[in-house]
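Participant: Mind looking over this structure? Questions follow.
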Amino acid sequence: MFTGLIQQIGTLARRETAAGGQRLVIAGAPWNPPLTLGESMAVNGACLTIAQIQGKNFAGDILQETLDRTTLGGKRPGATLNLERALRLGDPLGGHMVSGHVDGIGTVSHRQANGRDWILRVACETALLRDMVLKGSIAIDGVSLTIMELDERSFAVALIPFTCEHTALGTLKAGDSVNLETDLIGKHVRRTLETKPAPTPLTWERLRDAGFGEAE
């Protein structure tokens with residue numbers, strides 16, 4: 001579990017082939033406490049397991065599911081990546097609950113200055129938009145943000161200067177693809193409502209069967 005508060009911007013050092021699959025080697029600053037094998041790391045919002053530590057670099061294996069649902073398969077060496085270690089019990093939850101399981105990919109359709117801030121509009125599939133609400137939370141490339149506008153084709157968020165400076169979102173431009181994870185709680189609520197049987201209509205017959213017949 002993560003919070004969507006980025007701790008470090010890393011760089012894709014190289015891609016490797018491991019046991020017939022793909023592995024990303026990511027460079028960054030030293031971590032305190034140091035990274036350990038087997039721990040989870042959110043890389044642009046996708047949860048990877050640290051399979052190897054090479055000095056300041058670490059490597060994570062990429063499943064085919066991750067390649068299909070995220071932008072990581074298209075990243076090239078030198079690409080900047082948002083990094084966040086897994087939440088520990090007792091850590092402050094400053095963003096929102098982020099699972100690191102990316103739901104799909106969006107495309108930046110517009111980026112516009114708004115005073116000192118930036119407005120970022122992202123287009124995505126209807127299935128993803130159904131899980132979004134105004135003022136609700138969304139993780140874009142692993143960054144916890146608040147939805148400020150929402151329509152049938154896209155949504156918009158505001159980026160404050162701190163977010164632009166301390167995450168890779170500051171380099172996004174129109175046409176770029178981003179990983180999206182919608183609100184975890186909202187998805188479970190929608191799924192529960194969709195799968196719950198429709199209530200049986202209330203009729204006089206049901207009332208009589210329940211003992212609410214006419215008084216004698």
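Residue names in the structure tokens use chain letters A, B, ... in the order shown, residue numbers from 1 in each chain, and ligand numbers from 1 in the order shown.
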Counting only C-alpha atoms, which residues of stretch 136-165 of chain A fall within 12 Å of stretch 55-71 of chain A, and what is the closest atom pair for each with its distance in Å at one decimal, ordered by chain and rising number, as CSV?

Facilitator:
residue,atom,partner,partner_atom,distance
A:Ile140,CA,A:Thr70,CA,11.2
A:Asp141,CA,A:Thr71,CA,9.0
A:Gly142,CA,A:Thr70,CA,11.3

Participant: Could you give me, as CSV, every stretch 61-155 of chain A residue with an atom at most 6 Å from stretch 25-48 of chain A, plus its closest atom pair and distance in Å to one decimal, counting only C-alpha atoms, rows ordered by chain then number?

Facilitator:
residue,atom,partner,partner_atom,distance
A:Leu81,CA,A:Asn44,CA,5.6
A:Asn82,CA,A:Asn44,CA,4.8
A:Leu83,CA,A:Val43,CA,5.0
A:Glu84,CA,A:Ala42,CA,5.1
A:Arg85,CA,A:Met41,CA,4.7
A:Ala86,CA,A:Ser40,CA,5.7
A:Gly100,CA,A:Cys47,CA,4.5
A:His101,CA,A:Ala46,CA,5.8
A:Val102,CA,A:Ala46,CA,5.9
A:Asp141,CA,A:Asn44,CA,4.2
A:Gly142,CA,A:Gly45,CA,3.4

Participant: Considering only C-alpha atoms, return as a PyMOL selection string whatever protein or nucleic-acid residues lie within 12 Å of A:His96, sequence-local ones (same chain, fewer than 5 positions apart) excluded.

Facilitator: chain A and resi 1-5+87+136-139+142-146+181-186

Participant: Pick out the residues sitting within 12 Å of A:Thr203, and hand them over as a ChimeraX atom specification; count only C-alpha atoms, and ignore anything fewer than 5 positions along from it in its own chain.

Facilitator: /A:208-210,212-213

Participant: Mind pulling up the distance from atom CA of A:Gly74 to atom CA of A:Ile119?

Facilitator: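 A separation of 24.9 Å between them.
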
Participant: Residues of stretch 47-151 of chain A classed as helix (DSSP H, G or I) by DSSP on the backbone are to be reported as a list of chain:residue names.

Facilitator: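 Selecting the helix (DSSP H, G or I) positions of stretch 47-151 of chain A gives A:Gln64, A:Glu65, A:Thr66, A:Leu67, A:Asp68, A:Arg69, A:Leu72, A:Gly73, A:Gly74, A:Thr126, A:Ala127, A:Leu128, A:Leu129.
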
Participant: Got time to write the residues from that selection, C-alpha atoms, as a PDB file, in the first residue's frame?

Facilitator:
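Output (selection-v8.pdb):
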ATOM      1  CA  GLN A  64       3.152  -9.102 -18.806  1.00  0.00           C
ATOM      2  CA  GLU A  65       0.085  -7.719 -17.015  1.00  0.00           C
ATOM      3  CA  THR A  66       2.151  -4.688 -16.013  1.00  0.00           C
ATOM      4  CA  LEU A  67       3.355  -4.218 -19.580  1.00  0.00           C
ATOM      5  CA  ASP A  68      -0.228  -4.405 -20.853  1.00  0.00           C
ATOM      6  CA  ARG A  69      -1.773  -2.004 -18.321  1.00  0.00           C
ATOM      7  CA  LEU A  72       6.417   1.155 -18.152  1.00  0.00           C
ATOM      8  CA  GLY A  73       6.791  -1.022 -21.231  1.00  0.00           C
ATOM      9  CA  GLY A  74       7.380   2.037 -23.373  1.00  0.00           C
ATOM     10  CA  THR A 126     -15.132   5.631 -19.944  1.00  0.00           C
ATOM     11  CA  ALA A 127     -14.590   2.645 -17.643  1.00  0.00           C
ATOM     12  CA  LEU A 128     -11.989   4.643 -15.713  1.00  0.00           C
ATOM     13  CA  LEU A 129     -14.065   7.824 -15.638  1.00  0.00           C
TER      14      LEU A 129
END

Participant: Considering only C-alpha atoms, state which residue in the set A:Leu150, A:Val98, A:Ile105, A:Ala51 is at the smallest distance from A:Ala18.

Facilitator: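 The closest residue to A:Ala18 is A:Ala51.
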
Participant: Compile the contact shell of A:Pro161 as a list in words: residues with an atom at most 12 Å away, counting only C-alpha atoms, same-chain residues fewer than 5 positions apart removed.

Facilitator: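 Once the nearby chain positions are removed, what remains is Ala113, Asn114, Gly115, Arg116, Asp117, Trp118, Ile119, His166, Thr167, Leu169 and Gly170 of chain A.
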
Participant: Taking C-alpha atoms for each residue, export the selection above as a PDB file, in the first residue's frame.

Facilitator:
ATOM      1  CA  ALA A 113      -0.677  27.620 -16.786  1.00  0.00           C
ATOM      2  CA  ASN A 114      -3.015  28.981 -14.118  1.00  0.00           C
ATOM      3  CA  GLY A 115      -1.107  31.628 -12.211  1.00  0.00           C
ATOM      4  CA  ARG A 116       1.704  29.828 -10.433  1.00  0.00           C
ATOM      5  CA  ASP A 117      -0.046  26.449 -10.896  1.00  0.00           C
ATOM      6  CA  TRP A 118      -0.670  24.207 -13.885  1.00  0.00           C
ATOM      7  CA  ILE A 119      -3.928  22.602 -15.005  1.00  0.00           C
ATOM      8  CA  HIS A 166       9.377  17.149  -6.797  1.00  0.00           C
ATOM      9  CA  THR A 167       7.716  14.688  -9.204  1.00  0.00           C
ATOM     10  CA  LEU A 169       4.698  15.332 -13.599  1.00  0.00           C
ATOM     11  CA  GLY A 170       6.410  18.663 -14.118  1.00  0.00           C
TER      12      GLY A 170
END

Participant: Could you give me, as a ChimeraX atom specification, the residues within 9 Å of A:Lys135, counting only C-alpha atoms and dropping anything in the same chain fewer than 5 positions from it?

Facilitator: /A:146-149

Participant: Include C-alpha atoms and write out the residues we just selected as a PDB file, in the first residue's frame.

Facilitator:
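Result file is selection.pdb:
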ATOM      1  CA  THR A 146      -7.615  15.818  -6.498  1.00  0.00           C
ATOM      2  CA  ILE A 147     -10.016  15.819  -9.451  1.00  0.00           C
ATOM      3  CA  MET A 148     -11.133  19.410 -10.112  1.00  0.00           C
ATOM      4  CA  GLU A 149     -13.067  18.885 -13.366  1.00  0.00           C
TER       5      GLU A 149
END

Participant: Determine which residues of stretch 45-132 of chain A DSSP labels as strand (DSSP E or B) from the backbone of this structure, then write them out as a PyMOL selection string.

Facilitator: chain A and resi 46-54+57-62+80-85+98+104-114+117-123

Participant: Would you work out the distance separating atom CA of A:Arg15 from atom CA of A:Lys75, expressed in Å to one decimal?

Facilitator: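 A separation of 9.1 Å between them.
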
Participant: Between atom CA of A:Arg14 and atom CA of A:Ala79, what is the distance, to one decimal in Å?

Facilitator: 9.7 Å

Participant: Which of these, A:Gly211, A:Pro199, A:Gly175, A:Gly21, has the shortest distance to A:His110 once you count only C-alpha atoms?

Facilitator: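 Ranked by minimum distance to A:His110, first place goes to A:Gly175.
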
Participant: Nearest to A:Lys173 among A:Ile6, A:Leu24, A:Val122, A:Leu12, with distances taken over only C-alpha atoms: which residue is it?

Facilitator: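 For A:Lys173, the nearest of the candidates is A:Val122.
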
Participant: Nearest to A:Gln8 among A:Thr107, A:Ala168, A:Thr49, A:Met97, with distances taken over only C-alpha atoms: which residue is it?

Facilitator: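 Among the listed residues, A:Ala168 lies closest to A:Gln8.
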